[in-house]
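I have placed the structure first, in the form of structure tokens, so that the comments after it can refer back to it.
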Amino acid sequence: MPSLLFCGPKMAACGMVISIWGVIMLAMLGIFFSAKSAVLIEDVPFTEEDIRNDQHPPQNIYGLYSQVGINCFIAAAVYVAVGAVSLCQVRLNKRQEYMVT
Amino acid sequence: MGELFRSEEMTLAQLFLQSEAAYCCVSELGELGMVQFRDLNPDVNVFQRKFVNEVRRCEEMDRKLRFVEKEIKKANIPTIDTGENPEVPFPRDMIDLEATFEKLENELKEINTNQEALKKNFLELTELKHILRRTQQFFDEMEDPNLLEESSALMEGNEGGRGAPLRLGFVAGVISRERIPTFERMLWRVCRGNVFLRKAEIEDPLEDPTTGDQVHKSVFIIFFQGDQLKNRVKKICEGFRASLYPCPETPQERKEMLAGVNSRIDDLQMVLNQTEDHRQRVLQAASKTMRVWFIKVRKMKAIYHTLNLCNIDVTQKCLIAEVWCPVSDLDSIQFALRRGTERSGSTVPSILNRMQTKQTPPTFNKTNKFTSGFQNIVDAYGIGNYREINPAQYTIITFPFLFAVMFGDMGHGLLMTCAALYLVIRESRLLAQKTDNEMFNMVFAGRYIILLMGIFSVYTGIIYNDCFSKSLNMFGSGWSVRPMFGPKGANWSFETLEGNAVLQLDPAIPGVFNGPYPLGIDPIWNIATNKLTFLNSFKMKMSVILGVIHMIFGVSLSLFNHLYFKKPLNIFLGFIPEIVFMSSLFGYLVLLVFYKWTAYDAFTSKDAPSLLIHFINMCLFNYSDPTTKSLYAGQMGIQVLLVLIALACVPCMLVVKTMVLRRQHLWKKHLGTQKFGGVRVGNGPTEDEAGIMDHDQLSQHSEEGDEFDFGDVAVHQAIHTIEYCLGCISNTASYLRLWALSLAHAQLSEVLWSMVMHLGLSSRSGGGFFGLTIIFAAFATLTVAILLIMEGLSAFLHALRLHWVEFQNKFYSGQGFKFVPFSFESILDGRFDE
């Protein structure tokens, strides 16, 4: 059976840490973007036209806010996957350690 | 002041150890690790001491063990660390141990020589086998009639009429492959081309028996004619370290020989395998007890080394040791001595006798795993004087706090806390792993410092309202834009918004500012363009306040030192002028800061004066400028008074103290004391310690510090005063680094966010998550590398400097020497250098 192990114990641990951090931080960012946080306005990619051509004033901006929020949530989900893969790698690494000794 | 805040009270004690019990007693003391032995024969050469022989024997055993350990490592056998702490063997067991090690070493050496001989034999046979195989081919070619024809046809011209085939001699051998080209050239030149060389490479590398390296070799065979050439060829082979083997001439013989060699190789292989097995068994058995043996031998060596420091009584009945030990541990030391005596089976108890001495004892601060990191920070600057106030306790809080003022960010603080928590929670497991990584060990030793630094950073992050350079709006901002519109407000309209890029909110208009944010800084400042102006003013004032408080605390601690060492002069002419000077100038400045914060509101803030101008004017007595409005009524009188008081303190420290010291000295000289022999006899009223000081060893070091040099004292006092007064100003300015570094940290994290994270977030399409995922990984890596590690180190260094220079020079002299107890634990960890 081909081994599914493709990274060492340090790499796997690094992946675990970064994915935990990523999931928490990106999910929080997603929530804040969905809540239309004013502090995050600098990170919303709006242009002059979005404000000028708005029929119901903040709707365009709000739409962009939700778009970025959704991106954040998806990225968080990606990190959940990365975390799961890293967890498997950690397990496999441990098992291999037992097998060798 | 409680005992907690100073180093342990130490005492010098004499130990009278019965010579038969001395060994066991010292071993018990080593297990306890609470006494520091003094060298009582400093003028005796190392080789003339009593237990040199034993130390040498231990050294020899250690060497043997290291040899065995090296062999074990070479054989890749893991040694087991059971964590067991074996007792010290009795001196009589030393012979047994020696015999064991001797036997082990000899056995190993014998096995090694045998194995080497066998391997050499094996190599020779293998080479012979290869020669026989390869040369067969050459001979076949030679016998080939076609070739023979050709060669004889060629030779015909030179030597006329030879019908019979030539009788050619030959030698065969093996040479390492890289030598072949030079070998060939040499043969050609020396024999003038009259030899014929054939060679063939051996595919498998052969093992060199002495070095164990893998060597590639080639088989060669040289044909020649005549004895002259034969001699030459042999000499060349010798020179090139080629090994020659006899090779029979007839194919029949060669075949027989090959069969013989093959069977011998098989036999030899079997013997070799058995030798290797035997060696493995011996090493395996040794590796199990290796660690325990090492500990035993090292402990024994340490004991004999310590016994060498003791004085041998004239009667040879007992050894006299002098030790420094903490007074609080005298009981446990007594108990250890009793145990040692019992263990040795001696009936006469060992005696511990406290001695009076004028020598300064070593400084010993008891620490645990939590406080040791902070104590190390203090000790790195200088070991405190004996019984001096120990700043480590205050450092536990002030160090992480000052660090956090510079590192204030909730997100970064949280990451740091998590990392430190990991180290703290897995502490025992990480300790057991014992890595050699120096960086990791350093971080691990400071895990509690890092934990506190992280927690405090979260706190200051909340106060600064910074989380990865973004603010959290937890309680709702106190500012509102809506009241600015309309006639009641500032008459803002949509045209105003169109026409201006930046607009300023006016807190004086009702409804715009609804009171301060409940905790920390209002999140609205995060998107304001004048954020830096506001934060700089706030952080600058905050650093001055923290600095002045920290320094006044340091000066106050010096009071407890003066009280403890009973130096009233230092209190009245040192501490009091110092603290008055500090508080009348900088304490007043801090009060002004608080006054300015509370006395002006949104309506009057236009009139708020600049504190800096006021402070400069105060020192210059300049009150004539009509443009600077006074802060409060009667300001001029109070300020003039304060400056005058501060100025009056300077001569107090500078001149008065020196004069008083001189008068005291003259008075003492008038009374006078005299020394007779080693005994000091005083005719003053308080000299009742005569006769105690007549110990030989002590009188060497104890010197009478009665010399009074007026010039020296005056210069010293002048330097101290100038340093303090100028220091007050420069140190206060130095605390501004708190502001500077916290600004740098905040700006750096903002730059990181806008240059990296912003890129990932600002995607209008639905596929933006892909970029975001990758960019987040980059953001995380950069955050850890730049903001956590680099910025963390710089903030750590600055916090360290603030403690060492600005805080500790107010009260801490740090000129003591450290208590280094004789303890097996530190010897085995390799921390103790003999």
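Labeling convention for the structure tokens: chains A, B, ... as they appear, residues from 1 per chain, ligands from 1 in order of appearance.
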Distance table requested - chain A against chain B, cut-off 12 Å, only C-alpha atoms: one row per qualifying residue with the closest atom pair and its distance in Å to one decimal, ordered by chain and rising residue number, as JSON lines.
{"residue": "A:Cys14", "atom": "CA", "partner": "B:Thr781", "partner_atom": "CA", "distance": 10.3}
{"residue": "A:Gly15", "atom": "CA", "partner": "B:Ala777", "partner_atom": "CA", "distance": 9.8}
{"residue": "A:Val17", "atom": "CA", "partner": "B:Ala780", "partner_atom": "CA", "distance": 10.1}
{"residue": "A:Ile18", "atom": "CA", "partner": "B:Ala777", "partner_atom": "CA", "distance": 7.2}
{"residue": "A:Ser19", "atom": "CA", "partner": "B:Ala777", "partner_atom": "CA", "distance": 8.8}
{"residue": "A:Ile20", "atom": "CA", "partner": "B:Ala780", "partner_atom": "CA", "distance": 11.3}
{"residue": "A:Trp21", "atom": "CA", "partner": "B:Ala780", "partner_atom": "CA", "distance": 8.4}
{"residue": "A:Gly22", "atom": "CA", "partner": "B:Phe776", "partner_atom": "CA", "distance": 7.3}
{"residue": "A:Val23", "atom": "CA", "partner": "B:Thr773", "partner_atom": "CA", "distance": 10.3}
{"residue": "A:Ile24", "atom": "CA", "partner": "B:Gly411", "partner_atom": "CA", "distance": 11.5}
{"residue": "A:Met25", "atom": "CA", "partner": "B:Phe776", "partner_atom": "CA", "distance": 9.6}
{"residue": "A:Leu26", "atom": "CA", "partner": "B:Phe776", "partner_atom": "CA", "distance": 8.6}
{"residue": "A:Met28", "atom": "CA", "partner": "B:Leu472", "partner_atom": "CA", "distance": 11.4}
{"residue": "A:Leu29", "atom": "CA", "partner": "B:Leu761", "partner_atom": "CA", "distance": 9.8}
{"residue": "A:Gly30", "atom": "CA", "partner": "B:Leu761", "partner_atom": "CA", "distance": 10.3}
{"residue": "A:Phe32", "atom": "CA", "partner": "B:Leu472", "partner_atom": "CA", "distance": 9.8}
{"residue": "A:Phe33", "atom": "CA", "partner": "B:Leu761", "partner_atom": "CA", "distance": 10.2}
{"residue": "A:Ala35", "atom": "CA", "partner": "B:Asn473", "partner_atom": "CA", "distance": 11.8}
{"residue": "A:Lys36", "atom": "CA", "partner": "B:Asn473", "partner_atom": "CA", "distance": 12.0}
{"residue": "A:Ser37", "atom": "CA", "partner": "B:Asn473", "partner_atom": "CA", "distance": 8.6}
{"residue": "A:Ala38", "atom": "CA", "partner": "B:Ile527", "partner_atom": "CA", "distance": 8.3}
{"residue": "A:Val39", "atom": "CA", "partner": "B:Ile527", "partner_atom": "CA", "distance": 6.3}
{"residue": "A:Leu40", "atom": "CA", "partner": "B:Lys470", "partner_atom": "CA", "distance": 7.9}
{"residue": "A:Ile41", "atom": "CA", "partner": "B:Ile527", "partner_atom": "CA", "distance": 8.7}
{"residue": "A:Glu42", "atom": "CA", "partner": "B:His758", "partner_atom": "CA", "distance": 8.2}
{"residue": "A:Asp43", "atom": "CA", "partner": "B:His758", "partner_atom": "CA", "distance": 5.6}
{"residue": "A:Val44", "atom": "CA", "partner": "B:Ser762", "partner_atom": "CA", "distance": 5.7}
{"residue": "A:Pro45", "atom": "CA", "partner": "B:Ser762", "partner_atom": "CA", "distance": 4.8}
{"residue": "A:Phe46", "atom": "CA", "partner": "B:Arg764", "partner_atom": "CA", "distance": 8.4}
{"residue": "A:Thr47", "atom": "CA", "partner": "B:Arg764", "partner_atom": "CA", "distance": 10.8}
{"residue": "A:Glu48", "atom": "CA", "partner": "B:Glu498", "partner_atom": "CA", "distance": 11.9}
{"residue": "A:Asp50", "atom": "CA", "partner": "B:Arg764", "partner_atom": "CA", "distance": 11.8}
{"residue": "A:Ile51", "atom": "CA", "partner": "B:Glu498", "partner_atom": "CA", "distance": 11.9}
{"residue": "A:Arg52", "atom": "CA", "partner": "B:Glu498", "partner_atom": "CA", "distance": 11.3}
{"residue": "A:Asn60", "atom": "CA", "partner": "B:Arg764", "partner_atom": "CA", "distance": 11.7}
{"residue": "A:Ile61", "atom": "CA", "partner": "B:Arg764", "partner_atom": "CA", "distance": 11.1}
{"residue": "A:Gly63", "atom": "CA", "partner": "B:Arg764", "partner_atom": "CA", "distance": 9.9}
{"residue": "A:Leu64", "atom": "CA", "partner": "B:Arg764", "partner_atom": "CA", "distance": 6.9}
{"residue": "A:Tyr65", "atom": "CA", "partner": "B:Arg764", "partner_atom": "CA", "distance": 9.5}
{"residue": "A:Ser66", "atom": "CA", "partner": "B:Arg764", "partner_atom": "CA", "distance": 10.3}
{"residue": "A:Gln67", "atom": "CA", "partner": "B:Gly766", "partner_atom": "CA", "distance": 6.9}
{"residue": "A:Val68", "atom": "CA", "partner": "B:Leu761", "partner_atom": "CA", "distance": 6.4}
{"residue": "A:Gly69", "atom": "CA", "partner": "B:Leu761", "partner_atom": "CA", "distance": 8.8}
{"residue": "A:Ile70", "atom": "CA", "partner": "B:Gly766", "partner_atom": "CA", "distance": 8.0}
{"residue": "A:Asn71", "atom": "CA", "partner": "B:Phe769", "partner_atom": "CA", "distance": 4.6}
{"residue": "A:Cys72", "atom": "CA", "partner": "B:Phe769", "partner_atom": "CA", "distance": 6.4}
{"residue": "A:Phe73", "atom": "CA", "partner": "B:Phe769", "partner_atom": "CA", "distance": 8.2}
{"residue": "A:Ile74", "atom": "CA", "partner": "B:Phe769", "partner_atom": "CA", "distance": 6.0}
{"residue": "A:Ala75", "atom": "CA", "partner": "B:Phe769", "partner_atom": "CA", "distance": 5.1}
{"residue": "A:Ala76", "atom": "CA", "partner": "B:Thr773", "partner_atom": "CA", "distance": 7.9}
{"residue": "A:Ala77", "atom": "CA", "partner": "B:Thr773", "partner_atom": "CA", "distance": 9.7}
{"residue": "A:Val78", "atom": "CA", "partner": "B:Thr773", "partner_atom": "CA", "distance": 7.3}
{"residue": "A:Tyr79", "atom": "CA", "partner": "B:Thr773", "partner_atom": "CA", "distance": 7.5}
{"residue": "A:Val80", "atom": "CA", "partner": "B:Thr773", "partner_atom": "CA", "distance": 11.2}
{"residue": "A:Ala81", "atom": "CA", "partner": "B:Thr773", "partner_atom": "CA", "distance": 11.5}
{"residue": "A:Val82", "atom": "CA", "partner": "B:Thr773", "partner_atom": "CA", "distance": 10.3}
{"residue": "A:Thr101", "atom": "CA", "partner": "B:Pro78", "partner_atom": "CA", "distance": 11.0}
### Task
Per DSSP on the backbone, filter stretch 87-274 of chain B down to the residues in helix (DSSP H, G or I) and report them as a ChimeraX atom specification.
/B:93-143,145-155,177-190,227-239,251-274
Write out the residues from the selection above, keeping C-alpha atoms, as an mmCIF file, in the first residue's frame.
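Saved the output as part01.cif:
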data_model
loop_
_atom_site.group_PDB
_atom_site.id
_atom_site.type_symbol
_atom_site.label_atom_id
_atom_site.label_comp_id
_atom_site.auth_asym_id
_atom_site.auth_seq_id
_atom_site.Cartn_x
_atom_site.Cartn_y
_atom_site.Cartn_z
ATOM 1 C CA ASP B 93 33.592 -0.741 45.943
ATOM 2 C CA MET B 94 35.875 1.357 43.824
ATOM 3 C CA ILE B 95 38.162 -1.620 43.241
ATOM 4 C CA ASP B 96 35.226 -3.672 42.013
ATOM 5 C CA LEU B 97 34.181 -0.953 39.643
ATOM 6 C CA GLU B 98 37.721 -0.537 38.436
ATOM 7 C CA ALA B 99 38.013 -4.262 37.833
ATOM 8 C CA THR B 100 34.726 -4.298 35.935
ATOM 9 C CA PHE B 101 35.735 -1.429 33.715
ATOM 10 C CA GLU B 102 39.205 -2.852 33.220
ATOM 11 C CA LYS B 103 37.734 -6.136 32.124
ATOM 12 C CA LEU B 104 35.244 -4.477 29.858
ATOM 13 C CA GLU B 105 37.848 -2.278 28.252
ATOM 14 C CA ASN B 106 40.263 -5.144 27.724
ATOM 15 C CA GLU B 107 37.575 -7.327 26.303
ATOM 16 C CA LEU B 108 36.511 -4.648 23.897
ATOM 17 C CA LYS B 109 40.073 -3.923 22.878
ATOM 18 C CA GLU B 110 40.749 -7.601 22.301
ATOM 19 C CA ILE B 111 37.614 -7.971 20.260
ATOM 20 C CA ASN B 112 38.580 -4.916 18.240
ATOM 21 C CA THR B 113 42.110 -6.174 17.495
ATOM 22 C CA ASN B 114 40.819 -9.625 16.620
ATOM 23 C CA GLN B 115 38.173 -8.214 14.438
ATOM 24 C CA GLU B 116 40.666 -6.023 12.697
ATOM 25 C CA ALA B 117 43.003 -8.942 12.057
ATOM 26 C CA LEU B 118 40.153 -11.040 10.780
ATOM 27 C CA LYS B 119 38.963 -8.287 8.554
ATOM 28 C CA LYS B 120 42.417 -7.810 7.150
ATOM 29 C CA ASN B 121 42.620 -11.488 6.420
ATOM 30 C CA PHE B 122 39.221 -11.358 4.830
ATOM 31 C CA LEU B 123 40.236 -8.452 2.654
ATOM 32 C CA GLU B 124 43.332 -10.250 1.437
ATOM 33 C CA LEU B 125 41.378 -13.336 0.567
ATOM 34 C CA THR B 126 38.738 -11.347 -1.238
ATOM 35 C CA GLU B 127 41.373 -9.547 -3.241
ATOM 36 C CA LEU B 128 43.017 -12.817 -4.114
ATOM 37 C CA LYS B 129 39.706 -14.195 -5.217
ATOM 38 C CA HIS B 130 39.165 -11.252 -7.507
ATOM 39 C CA ILE B 131 42.677 -11.590 -8.911
ATOM 40 C CA LEU B 132 42.192 -15.199 -9.693
ATOM 41 C CA ARG B 133 38.917 -14.524 -11.401
ATOM 42 C CA ARG B 134 40.045 -11.556 -13.452
ATOM 43 C CA THR B 135 43.436 -12.833 -14.451
ATOM 44 C CA GLN B 136 41.843 -15.942 -15.819
ATOM 45 C CA GLN B 137 40.479 -13.754 -18.534
ATOM 46 C CA PHE B 138 43.895 -12.270 -19.323
ATOM 47 C CA PHE B 139 45.474 -15.668 -19.533
ATOM 48 C CA ASP B 140 42.718 -16.838 -21.797
ATOM 49 C CA GLU B 141 43.472 -13.989 -24.124
ATOM 50 C CA MET B 142 47.155 -14.805 -24.052
ATOM 51 C CA GLU B 143 46.556 -18.382 -24.968
ATOM 52 C CA PRO B 145 46.270 -18.498 -30.868
ATOM 53 C CA ASN B 146 45.211 -15.565 -33.049
ATOM 54 C CA LEU B 147 46.602 -12.999 -30.710
ATOM 55 C CA LEU B 148 49.708 -15.025 -30.143
ATOM 56 C CA GLU B 149 50.271 -15.108 -33.829
ATOM 57 C CA GLU B 150 49.994 -11.413 -34.074
ATOM 58 C CA SER B 151 52.324 -10.665 -31.239
ATOM 59 C CA SER B 152 54.968 -13.072 -32.394
ATOM 60 C CA ALA B 153 54.717 -11.585 -35.829
ATOM 61 C CA LEU B 154 55.466 -8.199 -34.385
ATOM 62 C CA MET B 155 58.364 -9.439 -32.332
ATOM 63 C CA ARG B 177 41.565 2.800 -8.366
ATOM 64 C CA GLU B 178 42.608 6.433 -8.169
ATOM 65 C CA ARG B 179 46.306 5.455 -8.323
ATOM 66 C CA ILE B 180 46.051 3.609 -11.598
ATOM 67 C CA PRO B 181 46.860 6.417 -14.104
ATOM 68 C CA THR B 182 50.087 7.445 -12.358
ATOM 69 C CA PHE B 183 50.974 3.812 -11.781
ATOM 70 C CA GLU B 184 50.624 3.075 -15.448
ATOM 71 C CA ARG B 185 52.671 6.083 -16.519
ATOM 72 C CA MET B 186 55.401 5.248 -14.043
ATOM 73 C CA LEU B 187 55.593 1.672 -15.271
ATOM 74 C CA TRP B 188 55.830 2.798 -18.855
ATOM 75 C CA ARG B 189 58.602 5.294 -18.191
ATOM 76 C CA VAL B 190 60.719 3.160 -15.882
ATOM 77 C CA ASP B 227 64.628 -10.613 -13.867
ATOM 78 C CA GLN B 228 65.765 -7.002 -14.205
ATOM 79 C CA LEU B 229 62.331 -5.904 -15.222
ATOM 80 C CA LYS B 230 60.767 -8.082 -12.569
ATOM 81 C CA ASN B 231 62.712 -6.298 -9.866
ATOM 82 C CA ARG B 232 61.800 -2.920 -11.202
ATOM 83 C CA VAL B 233 58.145 -3.773 -11.483
ATOM 84 C CA LYS B 234 58.043 -5.117 -7.943
ATOM 85 C CA LYS B 235 59.672 -1.977 -6.607
ATOM 86 C CA ILE B 236 57.170 0.230 -8.365
ATOM 87 C CA CYS B 237 54.309 -1.861 -6.996
ATOM 88 C CA GLU B 238 55.719 -1.493 -3.544
ATOM 89 C CA GLY B 239 55.983 2.258 -3.987
ATOM 90 C CA PRO B 251 45.186 -22.918 -15.235
ATOM 91 C CA GLN B 252 44.810 -26.124 -13.267
ATOM 92 C CA GLU B 253 46.540 -24.764 -10.208
ATOM 93 C CA ARG B 254 44.647 -21.525 -10.471
ATOM 94 C CA LYS B 255 41.366 -23.309 -10.434
ATOM 95 C CA GLU B 256 42.303 -25.307 -7.364
ATOM 96 C CA MET B 257 43.507 -22.213 -5.596
ATOM 97 C CA LEU B 258 40.276 -20.366 -6.357
ATOM 98 C CA ALA B 259 38.236 -23.170 -4.839
ATOM 99 C CA GLY B 260 40.454 -23.149 -1.745
ATOM 100 C CA VAL B 261 40.164 -19.397 -1.365
ATOM 101 C CA ASN B 262 36.406 -19.511 -1.716
ATOM 102 C CA SER B 263 35.993 -22.076 1.033
ATOM 103 C CA ARG B 264 38.338 -20.130 3.299
ATOM 104 C CA ILE B 265 36.359 -16.959 2.687
ATOM 105 C CA ASP B 266 33.190 -18.737 3.738
ATOM 106 C CA ASP B 267 34.790 -19.933 6.961
ATOM 107 C CA LEU B 268 36.164 -16.528 7.692
ATOM 108 C CA GLN B 269 32.825 -14.904 7.079
ATOM 109 C CA MET B 270 31.277 -17.169 9.688
ATOM 110 C CA VAL B 271 33.961 -16.321 12.219
ATOM 111 C CA LEU B 272 33.565 -12.647 11.482
ATOM 112 C CA ASN B 273 29.818 -12.814 12.009
ATOM 113 C CA GLN B 274 30.306 -14.518 15.314
#
### Message
Show me, as a list in words, the residues that have an atom within 10 Å of B:Ile221 when counting only C-alpha atoms, minus same-chain residues fewer than 4 positions from it.
### Response
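Residues near the query, excluding close chain neighbours: Ile131, Arg134, Thr135, Phe138, Phe139, Phe170, Val171, Ala172, Gly173, Val174, Phe196, Leu197, Arg198, Lys199, Ala200, Leu244 and Cys247 of chain B.
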With N, CA and C atoms retained, could you export that selection as a PDB file, in the first residue's frame?
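Contents of the output file again_10.pdb:
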ATOM      1  N   ILE B 131      41.535 -11.459  -8.001  1.00  0.00           N
ATOM      2  CA  ILE B 131      42.677 -11.590  -8.911  1.00  0.00           C
ATOM      3  C   ILE B 131      42.562 -12.858  -9.721  1.00  0.00           C
ATOM      4  N   ARG B 134      39.798 -12.496 -12.357  1.00  0.00           N
ATOM      5  CA  ARG B 134      40.045 -11.556 -13.452  1.00  0.00           C
ATOM      6  C   ARG B 134      41.191 -12.036 -14.329  1.00  0.00           C
ATOM      7  N   THR B 135      42.256 -12.485 -13.662  1.00  0.00           N
ATOM      8  CA  THR B 135      43.436 -12.833 -14.451  1.00  0.00           C
ATOM      9  C   THR B 135      43.151 -13.994 -15.378  1.00  0.00           C
ATOM     10  N   PHE B 138      42.683 -12.705 -18.631  1.00  0.00           N
ATOM     11  CA  PHE B 138      43.895 -12.270 -19.323  1.00  0.00           C
ATOM     12  C   PHE B 138      44.647 -13.465 -19.896  1.00  0.00           C
ATOM     13  N   PHE B 139      44.728 -14.498 -19.063  1.00  0.00           N
ATOM     14  CA  PHE B 139      45.474 -15.668 -19.533  1.00  0.00           C
ATOM     15  C   PHE B 139      44.783 -16.297 -20.715  1.00  0.00           C
ATOM     16  N   PHE B 170      55.134 -12.797 -14.934  1.00  0.00           N
ATOM     17  CA  PHE B 170      54.076 -11.822 -14.630  1.00  0.00           C
ATOM     18  C   PHE B 170      53.924 -11.672 -13.116  1.00  0.00           C
ATOM     19  N   VAL B 171      53.397 -10.508 -12.698  1.00  0.00           N
ATOM     20  CA  VAL B 171      52.937 -10.342 -11.311  1.00  0.00           C
ATOM     21  C   VAL B 171      51.496  -9.858 -11.352  1.00  0.00           C
ATOM     22  N   ALA B 172      50.732 -10.253 -10.337  1.00  0.00           N
ATOM     23  CA  ALA B 172      49.343  -9.823 -10.261  1.00  0.00           C
ATOM     24  C   ALA B 172      49.118  -9.195  -8.902  1.00  0.00           C
ATOM     25  N   GLY B 173      48.242  -8.243  -8.865  1.00  0.00           N
ATOM     26  CA  GLY B 173      47.968  -7.590  -7.578  1.00  0.00           C
ATOM     27  C   GLY B 173      46.744  -6.716  -7.639  1.00  0.00           C
ATOM     28  N   VAL B 174      46.579  -5.970  -6.540  1.00  0.00           N
ATOM     29  CA  VAL B 174      45.409  -5.107  -6.422  1.00  0.00           C
ATOM     30  C   VAL B 174      45.899  -3.732  -6.028  1.00  0.00           C
ATOM     31  N   PHE B 196      53.789  -5.140 -20.093  1.00  0.00           N
ATOM     32  CA  PHE B 196      52.432  -5.153 -20.609  1.00  0.00           C
ATOM     33  C   PHE B 196      51.497  -5.209 -19.419  1.00  0.00           C
ATOM     34  N   LEU B 197      50.655  -4.148 -19.268  1.00  0.00           N
ATOM     35  CA  LEU B 197      49.789  -4.041 -18.094  1.00  0.00           C
ATOM     36  C   LEU B 197      48.354  -4.259 -18.514  1.00  0.00           C
ATOM     37  N   ARG B 198      47.701  -5.146 -17.794  1.00  0.00           N
ATOM     38  CA  ARG B 198      46.252  -5.293 -17.991  1.00  0.00           C
ATOM     39  C   ARG B 198      45.593  -5.006 -16.665  1.00  0.00           C
ATOM     40  N   LYS B 199      44.429  -4.376 -16.715  1.00  0.00           N
ATOM     41  CA  LYS B 199      43.739  -4.095 -15.443  1.00  0.00           C
ATOM     42  C   LYS B 199      42.251  -4.297 -15.616  1.00  0.00           C
ATOM     43  N   ALA B 200      41.598  -4.518 -14.474  1.00  0.00           N
ATOM     44  CA  ALA B 200      40.145  -4.656 -14.488  1.00  0.00           C
ATOM     45  C   ALA B 200      39.624  -4.150 -13.146  1.00  0.00           C
ATOM     46  N   LEU B 244      50.595  -7.338  -3.806  1.00  0.00           N
ATOM     47  CA  LEU B 244      50.829  -8.375  -4.807  1.00  0.00           C
ATOM     48  C   LEU B 244      50.449  -9.729  -4.237  1.00  0.00           C
ATOM     49  N   CYS B 247      50.370 -15.847  -7.921  1.00  0.00           N
ATOM     50  CA  CYS B 247      49.366 -16.388  -8.824  1.00  0.00           C
ATOM     51  C   CYS B 247      49.983 -17.568  -9.576  1.00  0.00           C
TER      52      CYS B 247
END
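Distance-wise, atom CA of B:Met551 and atom CA of B:Tyr459 end up 22.7 Å apart.
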### Query
Restricting the calculation to only C-alpha atoms, which member of B:His550, B:His412, B:Lys818, B:Lys299 is positioned closest to B:Tyr394?
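Between B:His550, B:His412, B:Lys818, B:Lys299, the residue approaching B:Tyr394 most closely is B:His550.
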### Task
Write out as a ChimeraX atom specification the residues lying within 12 Å of B:Asp379, counting only C-alpha atoms and excluding same-chain residues fewer than 2 positions away.
/B:363-365,372-377,381-385,390-392,395,800,803-804,808,812-819
### Message
Give me the residues near B:Leu620 as a list in words, where near means some atom within 12 Å (using only C-alpha atoms) and where sequence neighbours in that chain fewer than 2 positions away do not count.
### Response
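So the residues in contact are Ile613, His614, Phe615, Ile616, Asn617, Met618, Asn622, Tyr623, Ser624, Asp625, Met636, Gln639, Val640, Val643 and Leu644 of chain B.
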### Task
One decimal, Å: what's the distance from atom CA of B:Leu206 over to atom CA of B:Asp277, could you say?
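Going from atom CA of B:Leu206 over to atom CA of B:Asp277 covers 21.0 Å.
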### Task
One decimal, Å: what's the distance from atom CA of B:Asp601 over to atom CA of B:Gly511, could you say?
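Distance reported for this atom pair: 14.6 Å.
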